[in-house]
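I have placed the structure first, in the form of structure tokens, so that the comments after it can refer back to it.
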2 protein chains.
Amino acid sequence: MNSDTLPPEPALLERLRSAVGDDGVFTDPDRLLVYESDGLTQYRHPPSAVVLPRTAEELGRVVRVLHEAGRPFVGRGAGTGLSGGALAVRGAVVVGTSRMNRILELDPVNRRARVQAGVINAALTAAARPYGLIYAPDPSSQSACTLGGNVAENSGGPHCLKYGVTNRYVTGLTVVLPDGEIAELGGMGREDGGLDLVGVFVGSEGCFGIAAEIEVALVPAPLGVRTLLAIFETPADAGRAVTRIMARGLLPAALEIIDSATIRAVEASIFAAGYPTDAGAALVVEFDGVEEGLDREIEIAAECCSAAGAREVRTAADEEDRQGLWRGRKKAFGAMGRLAPDLLVQDATVPRTRLPDVLSRIAEIAARYELQVANVFHAGDGNLHPNLLFDRRDPDQVRRVEAASGEIMACCIEAGGTITGEHGVGLDKRKYMPMVCSSDVLVTMAGVKAAFDPWGRCNPGKVLPDGIGPRHQGAGRR
Amino acid sequence: MNSDTLPPEPALLERLRSAVGDDGVFTDPDRLLVYESDGLTQYRHPPSAVVLPRTAEELGRVVRVLHEAGRPFVGRGAGTGLSGGALAVRGAVVVGTSRMNRILELDPVNRRARVQAGVINAALTAAARPYGLIYAPDPSSQSACTLGGNVAENSGGPHCLKYGVTNRYVTGLTVVLPDGEIAELGGMGREDGGLDLVGVFVGSEGCFGIAAEIEVALVPAPLGVRTLLAIFETPADAGRAVTRIMARGLLPAALEIIDSATIRAVEASIFAAGYPTDAGAALVVEFDGVEEGLDREIEIAAECCSAAGAREVRTAADEEDRQGLWRGRKKAFGAMGRLAPDLLVQDATVPRTRLPDVLSRIAEIAARYELQVANVFHAGDGNLHPNLLFDRRDPDQVRRVEAASGEIMACCIEAGGTITGEHGVGLDKRKYMPMVCSSDVLVTMAGVKAAFDPWGRCNPGKVLPDGIGPRHQGAGRR
């Protein structure tokens with residue numbers, strides 16, 4: 001145990017308390033337990049302390065105190081992440097944003113909002129709806145996850161096929177740099193001149209500092225929406241329907257597939273959505289936008305599904321019906337809890353056209369390791385979520401899950417994909433980074449990290465493999 | 001004159017020729033003259049040599065030779081930039097992409113293309129159209145500018161209000177790093193895991209290396225389009241129409257305003273578009289997408305224009321008519337050549353709601369300096385292009401143009417805007433950077449630059465003011 005893993009000394013705790021109030025700092029093991037994991041529960045690292053600032057200024061003071069004490073730290077939103085990205089390895093202090101939950105400004109005319117980092121994703125859309133606006137990125141965890149976490153992970157969601165991910169919407173950030181300085185990046189709907197620091201901060205997985213306030217662009221709520229559910233004999237057929245729909249020049253708001261294992265889990269749960277349990281796959285297709293064109297689009301999509309071998313195509317007649325069609329997809333992760341005590345949600349992308357092929361290979365890998373796999377995927381983006389089901393009390397199952405995960409990653413990379421679609425690298429996928437990035441690229445990433453955090457104390461142990469450092473001037477040949 | 005400004009020594013030229021062939025290297029002053037300026041002609045810096053590679057490999061060899069010789073260099077596309085960003089200050093060698101003009105791959109099903117950096121923007125859309133696809137960003141220079149230049153500048157265009165700018169579409173890059181190494185960033189429609197180096201490379205104004213090959217997402221060509229021209233007594237009225245349209249929840253593909261001086265210049269030119277020469281401003285509104293909703297959208301926009309005081313609203317009856325309505329906007333810059341021998345195109349952004357106010361202030365500044373100003377702007381984005389007209393043979397006019405430019409920048413910043421909307425910082429606006437970025441932000445930008453180019457030899461003298469260096473580990477307080 002080195003000095004970093006010890007609880008902070010009393011003098012440091014005192015300084016932290018004077019920054020945020022006595023009720024904003026705690027070190028009792030029972031309360032720290034809440035912070036030991038994120039949504040990927042196989043990793044457990046309790047922090048040495050938790051600090052909860054209420055404003056950008058308090059956040060700045062907290063980070064400055066930690067910087068001066070040479071303590072590593074990690075920002076944390078709602079802890080819904082799926083890559084271990086917000087875990088406090090090396091005894092880091094967790095700086096949580098749960099008390100930073102105010103919407104600071106909502107400007108309907110300029111279609112812009114400014115929020116504290118701890119504001120919940122769905123709460124922003126709820127606040128914008130009375131003005132006919134929404135915040136577009138909608139991660140599946142949107143009723144719990146925070147905008148700050150979304151910025152760290154550059155989060156997507158089922159509708160990012162059409163609407164894009166977080167970085168399309170973040171126009172300004174008030175960030176606390178790793179030395180505690182508060183910096184304004186972009187803002188007022190604009191980029192700064194010069195390099196796009198907003199763009200590189202979004203998706204930096206908490207390694208560049210902590211976002212305190214976030215300015216985002218809002219978009220008009222779609223005036224109309226149409227949803228279709230198609231049932232297929234195999235996921236490969238569903239994949240071919242996706243290819244046909246895209247080839248027709250349509251841009252659906254969502255294209256989501258769930259496989260037979262997932263369908264059966266949902267139908268056995270309290271969320272039963274009426275999907276046929278003998279189906280090989282279900283595809284949800286949604287279009288939104290101006291009311292007038294939607295019927296024609298859904299008609300074309302239905303034709304594409306039939307041509308790809310759909311045995312049934314249902315179109316939602318009304319909003320209740322639409323919610324029903326979505327239910328199987330939305331409750332997929334929850335329902336999987338019925339199948340096994342533990343779940344490893346994988347996250348990878350492949351080119352859309354390679355989906356059928358990669359799905360067969362994932363099934364083969366799972367069978368070989370005698371593991372159950374249930375697939376949910378954002379098919380339009382080629383973003384796969386194979387879920388490996390297991391019981392972590394059985395070390396042999398854990399070993400097999402890890403080996404199968406590695407093979408699935410290798411298979412996706414070989415198909416021209418990568419190791420993460422939207423969950424980030426975090427703690428979990430650091431080891432795979434050299435599979436997708438050359439050493440030149442890793443060295444450049446380390447250099448960008450050092451531009452923000454030359455001390456290496458902001459979310460240590462994440463994203464980059466150990467031992468990768470920035471390029472130096474001396475490396476020139478001259 | 002330091003060693004950098006001398007022409008390259010014969011041995012170096014020999015090495016460059018062996019990398020790209022004899023016809024790909026030249027140093028004769030007559031030919032170098034072509035490369036001394038970009039679209040912002042008041043800056044003139046002839047390079048010490050020009051090298052024209054044909055492939056990524058040749059480009060890598062060229063940069064490696066220059067790196068080994070300690071020579072600064074700058075990448076250059078078509079030279080249509082408007083911030084002096086591609087100029088060879090300090091006697092740099094220009095590495096041009098004019099022989100790298102092949103479309104390497106067009107994949108309609110995955111909606112993706114891979115091109116060499118010298119491919120012309122409009123040529124890519126022309127190649128994609130037979131498949132019902134387009135490359136969305138459409139800078140006004142799209143018939144000349146290259147994808148490589150678009151990547152460097154993160155270029156926009158009249159339709160970026162709806163479609164977004166270059167960084168939304170670039171999914172992968174083959175770049176030559178400043179030491180000549182070839183690195184793959186993203187690609188195959190995906191980001192790498194980890195930091196978004198594609199995102200930070202796009203818009204880095206040629207300071208991080210030279211893009212050799214670019215992979216972009218293509219989008220379906222809009223199935224329908226409707227265009228409206230509204231004539232107003234004042235630009236402020238046109239600005240109010242824009243605010244009304246946006247407040248109605250519409251998302252036009254384009255919202256472009258030209259002012260009275262511009263209208264008169266166009267109408268006096270061979271491009272006369274039939275705009276009334278006594279008008280105070282003209283607004284072009286365009287909607288595109290699925291055919292069905294468009295008539296209703298254009299009807300609402302027409303109502304908004306009338307409510308804001310439009311004295312006339314014309315809707316295009318057919319494609320020829322539509323081209324006519326656009327002509328005044330598209331030929332605006334060309335027509336201004338009639339008004340004065342020289343033109344300084346300014347570029348700034350302000351929040352949409354501040355447009356009327358800022359326009360009045362720009363008029364006041366121009367009047368005070370006894371300068372003619374003609375305004376063209378992407379009103380939906382709040383992106384202004386005030387054009388200052390002058391004769392550069394008159395030193396007093398040059399001095400007044402420079403002073404007025406500085407005041408216009410200060411006025412836009414004060415209104416909550418910034419110093420560049422889409423033209424970049426380059427050589428021209430380095431001096432304004434401290435007006436919009438704190439020293440913490442500038443230091444971080446310098447650090448990101450150093451992650452790619454610790455030697456400072458890739459496009460030197462651009463974007464960041466002199467004397468700004470990266471943050472160092474020693475800067476910690478501990």
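Each chain in the structure tokens gets a letter, A, B, ..., in the order shown, and its residues are numbered from 1; ligands are numbered from 1 in order too.
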Stretch 63-72 of chain B environment, 9 Å, only C-alpha atoms, sequence neighbours closer than 3 positions dropped, as a ChimeraX atom specification: /A:476-478 /B:4,8,12,15-16,19,58-60,88,90-93,95,176-181,210,455-460
Write out, as a Markdown table, each residue of chain A that has an atom at most 7 Å from chain B, together with the closest pair of atoms and their distance in Å to one decimal, counting only C-alpha atoms, rows going by chain and rising number.
```
| residue | atom | partner | partner_atom | distance |
| --- | --- | --- | --- | --- |
| A:Glu68 | CA | B:Arg478 | CA | 5.4 |
| A:Ala69 | CA | B:Arg478 | CA | 6.7 |
| A:Gly70 | CA | B:Arg478 | CA | 6.4 |
| A:Val109 | CA | B:Ala247 | CA | 5.5 |
| A:Asn110 | CA | B:Arg352 | CA | 6.4 |
| A:Gly132 | CA | B:Gly249 | CA | 6.9 |
| A:Ala183 | CA | B:Val441 | CA | 6.6 |
| A:Met188 | CA | B:Gly416 | CA | 6.1 |
| A:Gly189 | CA | B:Pro351 | CA | 6.9 |
| A:Arg190 | CA | B:Gly417 | CA | 6.9 |
| A:Asp192 | CA | B:Thr418 | CA | 6.4 |
| A:Gly193 | CA | B:Thr420 | CA | 5.9 |
| A:Gly194 | CA | B:Val463 | CA | 5.9 |
| A:Leu195 | CA | B:Ser204 | CA | 5.7 |
| A:Asp196 | CA | B:Val200 | CA | 6.3 |
| A:Gly199 | CA | B:Gly199 | CA | 6.6 |
| A:Val200 | CA | B:Val200 | CA | 5.9 |
| A:Gly203 | CA | B:Leu195 | CA | 6.6 |
| A:Ser204 | CA | B:Leu195 | CA | 5.7 |
| A:Pro220 | CA | B:Gly249 | CA | 5.3 |
| A:Thr243 | CA | B:Val109 | CA | 6.9 |
| A:Met246 | CA | B:Val109 | CA | 6.9 |
| A:Ala247 | CA | B:Val109 | CA | 5.5 |
| A:Gly249 | CA | B:Pro220 | CA | 5.2 |
| A:Val290 | CA | B:Gly293 | CA | 5.9 |
| A:Glu291 | CA | B:Gly293 | CA | 7.0 |
| A:Glu292 | CA | B:Gly293 | CA | 5.0 |
| A:Gly293 | CA | B:Glu292 | CA | 5.0 |
| A:Pro351 | CA | B:Met188 | CA | 6.8 |
| A:Arg352 | CA | B:Asn110 | CA | 6.4 |
| A:Thr353 | CA | B:Asn110 | CA | 6.9 |
| A:Gly416 | CA | B:Met188 | CA | 6.1 |
| A:Gly417 | CA | B:Met188 | CA | 6.9 |
| A:Thr418 | CA | B:Asp192 | CA | 6.3 |
| A:Ile419 | CA | B:Gly193 | CA | 6.1 |
| A:Thr420 | CA | B:Gly193 | CA | 5.8 |
| A:Gly424 | CA | B:Gly193 | CA | 6.9 |
| A:Val425 | CA | B:Gly194 | CA | 6.0 |
| A:Met433 | CA | B:Gly193 | CA | 6.7 |
| A:Val436 | CA | B:Asp192 | CA | 6.6 |
| A:Asp440 | CA | B:Ala183 | CA | 6.7 |
| A:Val441 | CA | B:Ala183 | CA | 6.6 |
| A:Thr444 | CA | B:Ala451 | CA | 5.3 |
| A:Met445 | CA | B:Leu195 | CA | 6.3 |
| A:Gly447 | CA | B:Ala451 | CA | 4.1 |
| A:Val448 | CA | B:Val448 | CA | 4.8 |
| A:Ala451 | CA | B:Gly447 | CA | 4.1 |
| A:Phe452 | CA | B:Thr444 | CA | 5.9 |
| A:Pro454 | CA | B:Gln473 | CA | 4.8 |
| A:Trp455 | CA | B:Gln473 | CA | 5.4 |
| A:Val463 | CA | B:Gly194 | CA | 5.9 |
| A:Pro470 | CA | B:Ala451 | CA | 6.4 |
| A:Arg471 | CA | B:Ala451 | CA | 6.3 |
| A:His472 | CA | B:Pro454 | CA | 6.0 |
| A:Gln473 | CA | B:Pro454 | CA | 4.8 |
| A:Arg477 | CA | B:Glu68 | CA | 5.5 |
| A:Arg478 | CA | B:Glu68 | CA | 5.5 |
```
Which residues are near B:Leu389? Cut-off 6 Å, only C-alpha atoms, ignore same chain within fewer than 2 positions. Put them as a compact mmCIF listing (two decimals) with all heavy atoms, in the first residue's frame.
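The resulting result_3.txt:
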```txt
# COMPACT_ATOMS: atom_id res chain seq x y z
N ALA B 340 -14.49 47.49 -55.16
CA ALA B 340 -13.17 47.96 -54.74
C ALA B 340 -12.15 46.92 -55.18
O ALA B 340 -12.48 45.76 -55.37
CB ALA B 340 -13.13 48.13 -53.22
N ASP B 342 -9.75 45.61 -53.45
CA ASP B 342 -9.44 44.63 -52.42
C ASP B 342 -10.60 44.47 -51.45
O ASP B 342 -11.41 45.37 -51.27
CB ASP B 342 -8.17 45.02 -51.66
CG ASP B 342 -6.95 44.95 -52.54
OD1 ASP B 342 -6.54 43.82 -52.85
OD2 ASP B 342 -6.44 46.02 -52.96
N LEU B 343 -10.58 43.32 -50.83
CA LEU B 343 -11.69 42.92 -49.99
C LEU B 343 -11.10 42.17 -48.80
O LEU B 343 -10.32 41.24 -48.96
CB LEU B 343 -12.52 41.93 -50.83
CG LEU B 343 -13.77 41.33 -50.24
CD1 LEU B 343 -14.82 42.41 -50.06
CD2 LEU B 343 -14.31 40.25 -51.19
N GLN B 372 -16.26 51.24 -46.80
CA GLN B 372 -17.47 50.56 -47.27
C GLN B 372 -17.48 49.16 -46.68
O GLN B 372 -16.46 48.47 -46.69
CB GLN B 372 -17.40 50.45 -48.79
CG GLN B 372 -18.34 51.39 -49.51
CD GLN B 372 -18.52 50.92 -50.94
OE1 GLN B 372 -17.56 50.91 -51.70
NE2 GLN B 372 -19.75 50.53 -51.29
```
Residues flagged alpha helix (DSSP H) by DSSP in stretch 232-380 of chain A, as an MDAnalysis selection string: chainID A and resid 235:247 260:267 294:307 319:330 332:336 355:368
I need the residues from that last selection saved to file as a compact mmCIF listing (two decimals), in the first residue's frame (with C-alpha atoms), if you can.
```txt
# COMPACT_ATOMS: atom_id res chain seq x y z
CA PRO A 235 -30.38 -12.11 -36.40
CA ALA A 236 -28.63 -12.33 -39.78
CA ASP A 237 -31.99 -11.75 -41.53
CA ALA A 238 -32.62 -8.75 -39.27
CA GLY A 239 -29.15 -7.48 -40.18
CA ARG A 240 -29.99 -7.79 -43.87
CA ALA A 241 -33.16 -5.77 -43.33
CA VAL A 242 -31.00 -3.02 -41.80
CA THR A 243 -28.72 -3.03 -44.82
CA ARG A 244 -31.73 -2.80 -47.17
CA ILE A 245 -33.24 0.10 -45.23
CA MET A 246 -29.99 2.06 -45.31
CA ALA A 247 -29.48 1.24 -48.99
CA SER A 260 -33.71 -14.67 -29.32
CA ALA A 261 -32.04 -15.05 -25.90
CA THR A 262 -32.92 -11.46 -25.11
CA ILE A 263 -36.49 -11.83 -26.38
CA ARG A 264 -37.03 -14.88 -24.16
CA ALA A 265 -35.61 -13.08 -21.11
CA VAL A 266 -37.89 -10.10 -21.69
CA GLU A 267 -40.97 -12.23 -22.27
CA LEU A 294 -43.34 9.50 -42.03
CA ASP A 295 -45.99 7.10 -43.31
CA ARG A 296 -44.15 6.66 -46.58
CA GLU A 297 -40.85 6.03 -44.79
CA ILE A 298 -42.29 3.39 -42.49
CA GLU A 299 -43.93 1.74 -45.50
CA ILE A 300 -40.58 1.49 -47.30
CA ALA A 301 -38.93 0.11 -44.14
CA ALA A 302 -41.71 -2.50 -43.84
CA GLU A 303 -41.07 -3.55 -47.45
CA CYS A 304 -37.35 -3.89 -46.70
CA CYS A 305 -38.11 -6.09 -43.68
CA SER A 306 -40.41 -8.34 -45.69
CA ALA A 307 -37.86 -8.62 -48.48
CA GLU A 319 -48.31 6.15 -28.64
CA GLU A 320 -49.28 3.37 -26.21
CA ASP A 321 -48.76 0.81 -28.91
CA ARG A 322 -45.42 2.43 -29.74
CA GLN A 323 -44.25 2.19 -26.14
CA GLY A 324 -45.22 -1.48 -26.28
CA LEU A 325 -43.09 -2.15 -29.35
CA TRP A 326 -40.14 -0.44 -27.66
CA ARG A 327 -40.59 -2.25 -24.36
CA GLY A 328 -38.70 -5.38 -25.37
CA ARG A 329 -35.69 -3.29 -26.36
CA LYS A 330 -35.79 -0.86 -23.46
CA ALA A 332 -33.63 -5.91 -22.32
CA PHE A 333 -30.81 -5.29 -19.85
CA GLY A 334 -33.07 -5.39 -16.83
CA ALA A 335 -34.68 -8.64 -17.96
CA MET A 336 -31.35 -10.37 -18.39
CA LEU A 355 -23.12 -7.59 -38.73
CA PRO A 356 -24.53 -10.97 -39.84
CA ASP A 357 -21.06 -12.50 -40.10
CA VAL A 358 -19.83 -11.14 -36.76
CA LEU A 359 -23.00 -12.31 -34.98
CA SER A 360 -22.37 -15.88 -36.14
CA ARG A 361 -18.81 -15.70 -34.90
CA ILE A 362 -19.89 -14.35 -31.49
CA ALA A 363 -22.36 -17.25 -31.17
CA GLU A 364 -19.56 -19.67 -32.02
CA ILE A 365 -17.19 -18.12 -29.45
CA ALA A 366 -19.85 -18.24 -26.70
CA ALA A 367 -20.69 -21.86 -27.51
CA ARG A 368 -17.04 -22.85 -27.38
```
Selection near B:Asp30, 12 Å with only C-alpha atoms, sequence-local residues under 5 positions removed, as JSON, numbers by chain: {"B": [35, 36, 46, 47, 48, 49, 50]}
Which of stretch 151-292 of chain B DSSP labels strand (DSSP E or B), written as a VMD selection string: chain B and resid 170 to 176 182 to 187 190 210 to 217 219 to 220 224 to 232 254 to 259 281 to 289
